[in-house]
Amino acid sequence: MAKPAEVLQGTLDLLVLRTLECGPLHGVGISDRIEQVTRGVFVVGPGSLFPALHRLAEKGWISGDWTETENKRRVKTYTLTASGRAHLTAEKRNWKKIFTAMNRVLAEEPGA
Amino acid sequence: MKLPFRRDRVEAELDAEVEAFYQTMVDRYIERGLTEPEARRLARLKFDPPELAKEAVRDARTGAAFTSLARDVRYALRSVRKAPAFAAVTIVTLALGIAANATIFSMVSRFVLRPPPVGDPATLLSLHTTHQGDQCCNNFSWPLFADVREQAKSFSGVAAYYELVPASIGGTGEPERVWGQAVTANFFDVAELGMAAGRGFTADEENLPVVVLSHRLWQRRFGADPAIAGKTITLSGRPFTVAGVAPPSFRGVDLILDCQFWVPLGTLDQLLPNTSNRESRLYHWIAVVGRLRPGVTRAAAAAELDVLAARLAQAHPESEKGGGFIFESAGSIPPREKSSALIFLAAVTLVALLVLAIACANVANMFLAQAAGRKREMAVRLALGATHRHLLHQMLTESVLIALGGGLVGVALSFWATQALAAFRLPAPVPLDLSVSVDWRVLFYAFLLSVAAGILFGLAPAWAVTRSTIGAGRMWSLRNVLVVCQVAMSLVLLCSTGLFLRSLENASQIDIGFRSSGILMMAVDPRLHGYAPARTTQFLDELQQRVAALPGVASAAYTDSVPLSGGHRSDGFHIVGQSSSPINVELYMVGPGYFETIGTPRIAGRDFANESPAGPKMAIVNEAFAERLFPNQNPIGQRVTGGGRTYQVIGVVKNIKSRFLGEDFRPVLYRSLAQDIAGDPSFEGYSVLLRFTRAPGPLAGAVRREIHSLDPTLAIFNSATMEEHLRDALFLPRLAGALFGVFGFLGLALAAVGLYGAMNYWVSRRTREIGIRLALGAQIGSIQRLIIRQGMALTAVAIAPGLAAAWALAKLFTSILYGVPPHDLAIFTVVPLFLAAVAFLACWLPSRRAASAEPLIALRHE
């Protein structure tokens, strides 16, 4: 169970947006997908997932609609919006920059 | 409480969404072969509880602060409904504290904060002259006013007014004496007053008989006639044309005098004939206001006036040398009275805050006791996922809500209290408007105080509850500290109360030097009805004879001013032929038989006996006068001079209190009314005094009939018995005594209830322990002693700092106490003992309850 404090807030938003880039998903789907792709490193429970979803919806990056699952259960499915897509592109670039920079710092092992 | 529709919908959607998430997980576990209960358990184990998820979403949403506040308020209202008695007691406790503060603040608002009802009050200044070596300030002489008006460039307009002009007003009904002001023609323009009807004065009306009426006078005597402008009314028998009506709130620029009409300065001679030389630079008689020119700062205006003062000192060294100017916002407390008025207001504000602090401590203690019972509720809410911050917010919301309720009730109480304050009249022969009321500033102050109080008394218990550390047995638990503070504060209050009650008692027993009862007084002002001085004397003589002949009247006399009216006239006096510095002497004019009627014993010489107006002037002086000017000499036959007149002393009488009860005896010189009425007439009319031996009620009517049978047009005023007159003279000690009496009683009651509550709580927490002690053979008496010892220990701890604070506060009161030293030993011994006795009672009651407990029941308790 990932406590909200353990995942950087920006990271969680990026994770959710990236997950929705491949197509609309409902809450459980997003949670499952993140767990799968990160091979269980990130487990996002409802306590951190729902606040993130509502935060992103309020910013207009994703939008939620009520749909029915194959089990005839009504769930809210989230879709990436156009502005969400633009934001994701910018965030990806930003993340890569940070990632490369961090790697460079970590590569300079003392004595190596 | 109804919440907005949108929120309900959003909330329902969130519920559904979170529910669907768990349901999907459960479905999945069932697909994998688990039974439904197992699936449900696993879903809940694996993920955060749903409530926490929802709460996290609510916090993340924009406007979360607002919706959570609404939720807290709703929750708080529910708790209040669940315990209405608790809410009622706390609200009433706080209401008493808030009411005390709101009432005092209504005085502060009225006398310190309220701007005068003129246009743009920020740029209207009251100007005063100063003189080197003088304490404070004076009015302007006419030439000095003209200099400032013509030369000071900082002001766009400078106006002057003569502060009080009496006039008898004709029209419908019995003639009535009213007070007004004589003003320069630009007065209403400088004040920028919007008139209720008609207009102010035009520049060419400086000497014309025109008048502006106060809104009240217009309504009262002229039936609010909308076409009053242009009509003619009579003032003191002379026709005046009404120019306009002032706005309802306007009673003069200075906010304390209560004026009813305004006439141009040029007509002053018609209303106040034969007064001193108004053109002289030595006669400072007019008040001045100036309107700052736009863009000119006060500092620049002050600098310009300094330069002007220096220039005038050179041009007129005989009168203006060493002179200067000061100014302040128009409508401020007159500079002379400012410091004592501010000390009084500061002292009572401080004391009112003390009452509120005690009330807060009480309510905090009640909340603490209640919080102990709510530990369970809080624990449940914490387990359900509420954070400590949530609970803290919610408990604070509850206490602020209670405090606002207290504020509301308190303001209602202070509406009533400000009306009760109106019963205190300042002793003064002139009309003063001292009414106070609850205005928007008071409401705002009460609101701020309520919120602050709510946070203050809510914080401690909220903190204690959410930390689950509610001490019950420890000596320095929060509850005990609160009780100690309360007892200490109520000791401060009680000491102050004691001082002021003794002051009131002393003031009412002060030797005033004349009869304090059995005298009836009534005033007329024949001069306003066009009487020449000789005719006034003749009128008073005849009235004296007629009134003295009434059945039930022992003797009668007349004077220009009854003592203890707050000051009348005084002048510097010295012995003829000596150039020693003059002493300041109170002046009275009296007729024959005055001392016998008022009951001031004559100790040497003779009384007046119909002195001839043209003959050498005679005077009777008091002992203080004789001691100051003629130590170890016989004053009879000596000649003294002052105010441009010389008198021969023919008698000496005992001292009297002349202006105020609290004063040391001042030198007094009594003049013969017949001799001085022409040269120095009174502005305040003349009073006839009579000593009666029967009920005064019907007598007053008889005296009125005698006056009107002599002249039916004369207006009668200031009709009172000496008891009534002295009650007004006791204004300050009565006001202080009443305020502190109420506050002291409130503080004591609150502190006693607080101590009782604390000890009661302590007993109920330790019922079990007491049971064990009793079961083990402890004596009932020893249990009682234990409890009382605990309570008295708290009281003893409180008394030391309380006494120190009271001692320090008492110093502040020195100037407003009558005949009591601020550190009166009796007060500072009796009050702590009294408080200890009350504390003992507050501990003894719970101790009896504990001692009467059956050991077995006590053991089963909890």
# chains A, B, ... in the order shown; residues from 1 in each chain; ligands from 1
call {"tool": "interface_residues", "arguments": {"of": "chain A", "to": "chain B", "cutoff": "10 Å", "atoms": "only C-alpha atoms", "output": "MDAnalysis selection string"}}
result
chainID A and resid 1:4 26:29 43:55 58 66 69 71 73:77
call {"tool": "write_last_selection", "arguments": {"atoms": "C-alpha atoms", "output": "tab-separated table (two decimals), in the first residue's frame"}}
result
chain	number	residue	atom	x	y	z
A	1	MET	CA	0.00	0.00	0.00
A	2	ALA	CA	1.59	3.23	-1.13
A	3	LYS	CA	1.00	6.12	1.23
A	4	PRO	CA	0.54	9.42	-0.60
A	26	HIS	CA	-11.54	3.50	-14.53
A	27	GLY	CA	-10.01	3.77	-11.06
A	28	VAL	CA	-9.23	0.09	-10.54
A	29	GLY	CA	-7.87	-0.12	-14.09
A	43	VAL	CA	0.90	0.36	-5.56
A	44	VAL	CA	-1.58	3.24	-5.71
A	45	GLY	CA	-4.49	2.80	-3.32
A	46	PRO	CA	-7.74	4.76	-3.44
A	47	GLY	CA	-6.52	7.12	-0.67
A	48	SER	CA	-3.98	8.65	-3.02
A	49	LEU	CA	-5.52	7.75	-6.39
A	50	PHE	CA	-8.87	9.50	-5.95
A	51	PRO	CA	-7.44	12.80	-4.73
A	52	ALA	CA	-5.05	12.74	-7.70
A	53	LEU	CA	-7.89	11.99	-10.14
A	54	HIS	CA	-10.02	14.82	-8.75
A	55	ARG	CA	-7.09	17.21	-8.75
A	58	GLU	CA	-10.27	20.04	-11.75
A	66	TRP	CA	-19.93	7.14	-15.88
A	69	THR	CA	-18.13	-2.53	-17.02
A	71	ASN	CA	-19.94	-7.03	-15.03
A	73	ARG	CA	-21.13	-2.32	-12.72
A	74	ARG	CA	-21.35	1.46	-13.08
A	75	VAL	CA	-17.89	2.98	-12.78
A	76	LYS	CA	-16.34	6.32	-13.56
A	77	THR	CA	-13.96	6.13	-16.51
call {"tool": "residues_around", "arguments": {"residues": "region 545-548 of chain B", "least_positions_apart": "3", "cutoff": "10 Å", "atoms": "only C-alpha atoms", "output": "list in words"}}
result
Leu540, Asp541, Glu542, Pro551, Gly552, Val553, Ala554, Ser555, Ala556, Ala557, Val688, Leu689, Leu690, Arg691, Phe692, Leu699, Ala702, Val703, Arg704, Glu706, Ile707 and Leu710 of chain B
call {"tool": "residues_around", "arguments": {"residues": "Leu587 (chain B)", "least_positions_apart": "4", "cutoff": "7 Å", "atoms": "only C-alpha atoms", "output": "PyMOL selection string"}}
result
chain B and resi 569-570+668-670
call {"tool": "write_last_selection", "arguments": {"atoms": "C-alpha atoms", "output": "mmCIF file, in the first residue's frame"}}
result
data_model
loop_
_atom_site.group_PDB
_atom_site.id
_atom_site.type_symbol
_atom_site.label_atom_id
_atom_site.label_comp_id
_atom_site.auth_asym_id
_atom_site.auth_seq_id
_atom_site.Cartn_x
_atom_site.Cartn_y
_atom_site.Cartn_z
ATOM 1 C CA ARG B 569 -16.872 81.710 37.986
ATOM 2 C CA SER B 570 -13.536 82.455 39.552
ATOM 3 C CA VAL B 668 -14.621 81.501 48.105
ATOM 4 C CA LEU B 669 -15.826 85.095 47.987
ATOM 5 C CA TYR B 670 -19.537 85.844 48.195
#
call {"tool": "atom_distance", "arguments": {"atom1": "CA of Phe99 (chain A)", "atom2": "CA of Leu14 (chain A)"}}
result
13.6 Å
call {"tool": "atom_distance", "arguments": {"atom1": "CA of Arg281 (chain B)", "atom2": "CA of Ala309 (chain B)"}}
result
13.9 Å
call {"tool": "atom_distance", "arguments": {"atom1": "CA of Ile598 (chain B)", "atom2": "CA of Lys654 (chain B)"}}
result
11.8 Å
call {"tool": "select_by_dssp", "arguments": {"residues": "region 696-838 of chain B", "states": "strand (DSSP E or B)", "output": "ChimeraX atom specification"}}
result
/B:716-721
call {"tool": "closest_residue", "arguments": {"among": "A:Glu70, A:Ala107, A:Ala90, A:Ile98", "to": "Arg18 (chain A)", "atoms": "only C-alpha atoms"}}
result
A:Ala90
call {"tool": "decode", "arguments": {"residues": "region 13-102 of chain A", "atoms": "C-alpha atoms", "output": "PDB file, in the first residue's frame"}}
result
ATOM      1  CA  ASP A  13       0.118  12.887 -11.471  1.00  0.00           C
ATOM      2  CA  LEU A  14       2.581  11.985 -14.221  1.00  0.00           C
ATOM      3  CA  LEU A  15       1.962   8.273 -13.653  1.00  0.00           C
ATOM      4  CA  VAL A  16      -1.791   8.727 -13.947  1.00  0.00           C
ATOM      5  CA  LEU A  17      -1.593  10.909 -17.044  1.00  0.00           C
ATOM      6  CA  ARG A  18       0.834   8.546 -18.750  1.00  0.00           C
ATOM      7  CA  THR A  19      -1.391   5.566 -17.915  1.00  0.00           C
ATOM      8  CA  LEU A  20      -4.398   7.292 -19.482  1.00  0.00           C
ATOM      9  CA  GLU A  21      -2.374   8.139 -22.629  1.00  0.00           C
ATOM     10  CA  CYS A  22      -3.034   4.623 -23.906  1.00  0.00           C
ATOM     11  CA  GLY A  23      -6.797   4.914 -23.533  1.00  0.00           C
ATOM     12  CA  PRO A  24      -9.657   5.556 -21.051  1.00  0.00           C
ATOM     13  CA  LEU A  25      -9.582   3.579 -17.783  1.00  0.00           C
ATOM     14  CA  HIS A  26     -11.541   3.502 -14.527  1.00  0.00           C
ATOM     15  CA  GLY A  27     -10.011   3.770 -11.061  1.00  0.00           C
ATOM     16  CA  VAL A  28      -9.233   0.092 -10.536  1.00  0.00           C
ATOM     17  CA  GLY A  29      -7.867  -0.120 -14.091  1.00  0.00           C
ATOM     18  CA  ILE A  30      -5.476   2.758 -13.469  1.00  0.00           C
ATOM     19  CA  SER A  31      -4.340   1.256 -10.176  1.00  0.00           C
ATOM     20  CA  ASP A  32      -3.807  -2.181 -11.791  1.00  0.00           C
ATOM     21  CA  ARG A  33      -1.988  -0.746 -14.776  1.00  0.00           C
ATOM     22  CA  ILE A  34       0.460   1.229 -12.639  1.00  0.00           C
ATOM     23  CA  GLU A  35       1.153  -1.804 -10.480  1.00  0.00           C
ATOM     24  CA  GLN A  36       1.761  -3.984 -13.568  1.00  0.00           C
ATOM     25  CA  VAL A  37       3.955  -1.579 -15.501  1.00  0.00           C
ATOM     26  CA  THR A  38       6.111  -0.680 -12.489  1.00  0.00           C
ATOM     27  CA  ARG A  39       6.281  -4.362 -11.551  1.00  0.00           C
ATOM     28  CA  GLY A  40       4.768  -3.725  -8.187  1.00  0.00           C
ATOM     29  CA  VAL A  41       7.063  -0.846  -7.204  1.00  0.00           C
ATOM     30  CA  PHE A  42       4.131   1.574  -7.071  1.00  0.00           C
ATOM     31  CA  VAL A  43       0.898   0.361  -5.560  1.00  0.00           C
ATOM     32  CA  VAL A  44      -1.575   3.237  -5.712  1.00  0.00           C
ATOM     33  CA  GLY A  45      -4.494   2.804  -3.315  1.00  0.00           C
ATOM     34  CA  PRO A  46      -7.736   4.761  -3.440  1.00  0.00           C
ATOM     35  CA  GLY A  47      -6.524   7.120  -0.673  1.00  0.00           C
ATOM     36  CA  SER A  48      -3.982   8.649  -3.020  1.00  0.00           C
ATOM     37  CA  LEU A  49      -5.516   7.746  -6.386  1.00  0.00           C
ATOM     38  CA  PHE A  50      -8.870   9.497  -5.946  1.00  0.00           C
ATOM     39  CA  PRO A  51      -7.440  12.797  -4.733  1.00  0.00           C
ATOM     40  CA  ALA A  52      -5.051  12.741  -7.701  1.00  0.00           C
ATOM     41  CA  LEU A  53      -7.885  11.989 -10.135  1.00  0.00           C
ATOM     42  CA  HIS A  54     -10.017  14.817  -8.748  1.00  0.00           C
ATOM     43  CA  ARG A  55      -7.090  17.210  -8.749  1.00  0.00           C
ATOM     44  CA  LEU A  56      -6.318  16.414 -12.405  1.00  0.00           C
ATOM     45  CA  ALA A  57     -10.004  16.620 -13.376  1.00  0.00           C
ATOM     46  CA  GLU A  58     -10.270  20.037 -11.753  1.00  0.00           C
ATOM     47  CA  LYS A  59      -7.296  21.248 -13.786  1.00  0.00           C
ATOM     48  CA  GLY A  60      -9.057  19.963 -16.916  1.00  0.00           C
ATOM     49  CA  TRP A  61      -6.326  17.483 -17.890  1.00  0.00           C
ATOM     50  CA  ILE A  62      -8.590  14.462 -17.613  1.00  0.00           C
ATOM     51  CA  SER A  63     -12.367  14.081 -17.700  1.00  0.00           C
ATOM     52  CA  GLY A  64     -14.524  11.453 -16.016  1.00  0.00           C
ATOM     53  CA  ASP A  65     -17.700   9.805 -17.380  1.00  0.00           C
ATOM     54  CA  TRP A  66     -19.931   7.142 -15.883  1.00  0.00           C
ATOM     55  CA  THR A  67     -19.797   3.910 -17.930  1.00  0.00           C
ATOM     56  CA  GLU A  68     -20.698   0.257 -17.366  1.00  0.00           C
ATOM     57  CA  THR A  69     -18.131  -2.529 -17.025  1.00  0.00           C
ATOM     58  CA  GLU A  70     -18.550  -6.031 -18.491  1.00  0.00           C
ATOM     59  CA  ASN A  71     -19.939  -7.033 -15.027  1.00  0.00           C
ATOM     60  CA  LYS A  72     -22.679  -4.398 -15.485  1.00  0.00           C
ATOM     61  CA  ARG A  73     -21.134  -2.321 -12.721  1.00  0.00           C
ATOM     62  CA  ARG A  74     -21.353   1.460 -13.084  1.00  0.00           C
ATOM     63  CA  VAL A  75     -17.891   2.978 -12.782  1.00  0.00           C
ATOM     64  CA  LYS A  76     -16.342   6.323 -13.559  1.00  0.00           C
ATOM     65  CA  THR A  77     -13.955   6.129 -16.507  1.00  0.00           C
ATOM     66  CA  TYR A  78     -11.308   8.770 -17.039  1.00  0.00           C
ATOM     67  CA  THR A  79     -10.043  10.051 -20.412  1.00  0.00           C
ATOM     68  CA  LEU A  80      -7.035  12.235 -21.165  1.00  0.00           C
ATOM     69  CA  THR A  81      -8.123  15.623 -22.578  1.00  0.00           C
ATOM     70  CA  ALA A  82      -6.270  17.622 -25.261  1.00  0.00           C
ATOM     71  CA  SER A  83      -4.807  19.984 -22.687  1.00  0.00           C
ATOM     72  CA  GLY A  84      -3.892  16.972 -20.548  1.00  0.00           C
ATOM     73  CA  ARG A  85      -2.011  15.522 -23.509  1.00  0.00           C
ATOM     74  CA  ALA A  86      -0.103  18.781 -24.002  1.00  0.00           C
ATOM     75  CA  HIS A  87       0.701  18.926 -20.293  1.00  0.00           C
ATOM     76  CA  LEU A  88       1.895  15.319 -20.359  1.00  0.00           C
ATOM     77  CA  THR A  89       4.285  16.033 -23.257  1.00  0.00           C
ATOM     78  CA  ALA A  90       5.776  18.944 -21.369  1.00  0.00           C
ATOM     79  CA  GLU A  91       6.016  16.931 -18.158  1.00  0.00           C
ATOM     80  CA  LYS A  92       7.689  14.013 -19.939  1.00  0.00           C
ATOM     81  CA  ARG A  93      10.360  16.321 -21.310  1.00  0.00           C
ATOM     82  CA  ASN A  94      10.786  17.830 -17.881  1.00  0.00           C
ATOM     83  CA  TRP A  95      11.039  14.431 -16.221  1.00  0.00           C
ATOM     84  CA  LYS A  96      13.666  13.231 -18.711  1.00  0.00           C
ATOM     85  CA  LYS A  97      15.717  16.295 -18.004  1.00  0.00           C
ATOM     86  CA  ILE A  98      15.597  15.663 -14.269  1.00  0.00           C
ATOM     87  CA  PHE A  99      16.196  11.941 -14.787  1.00  0.00           C
ATOM     88  CA  THR A 100      19.316  12.524 -16.904  1.00  0.00           C
ATOM     89  CA  ALA A 101      20.617  15.101 -14.485  1.00  0.00           C
ATOM     90  CA  MET A 102      20.057  12.808 -11.508  1.00  0.00           C
TER      91      MET A 102
END
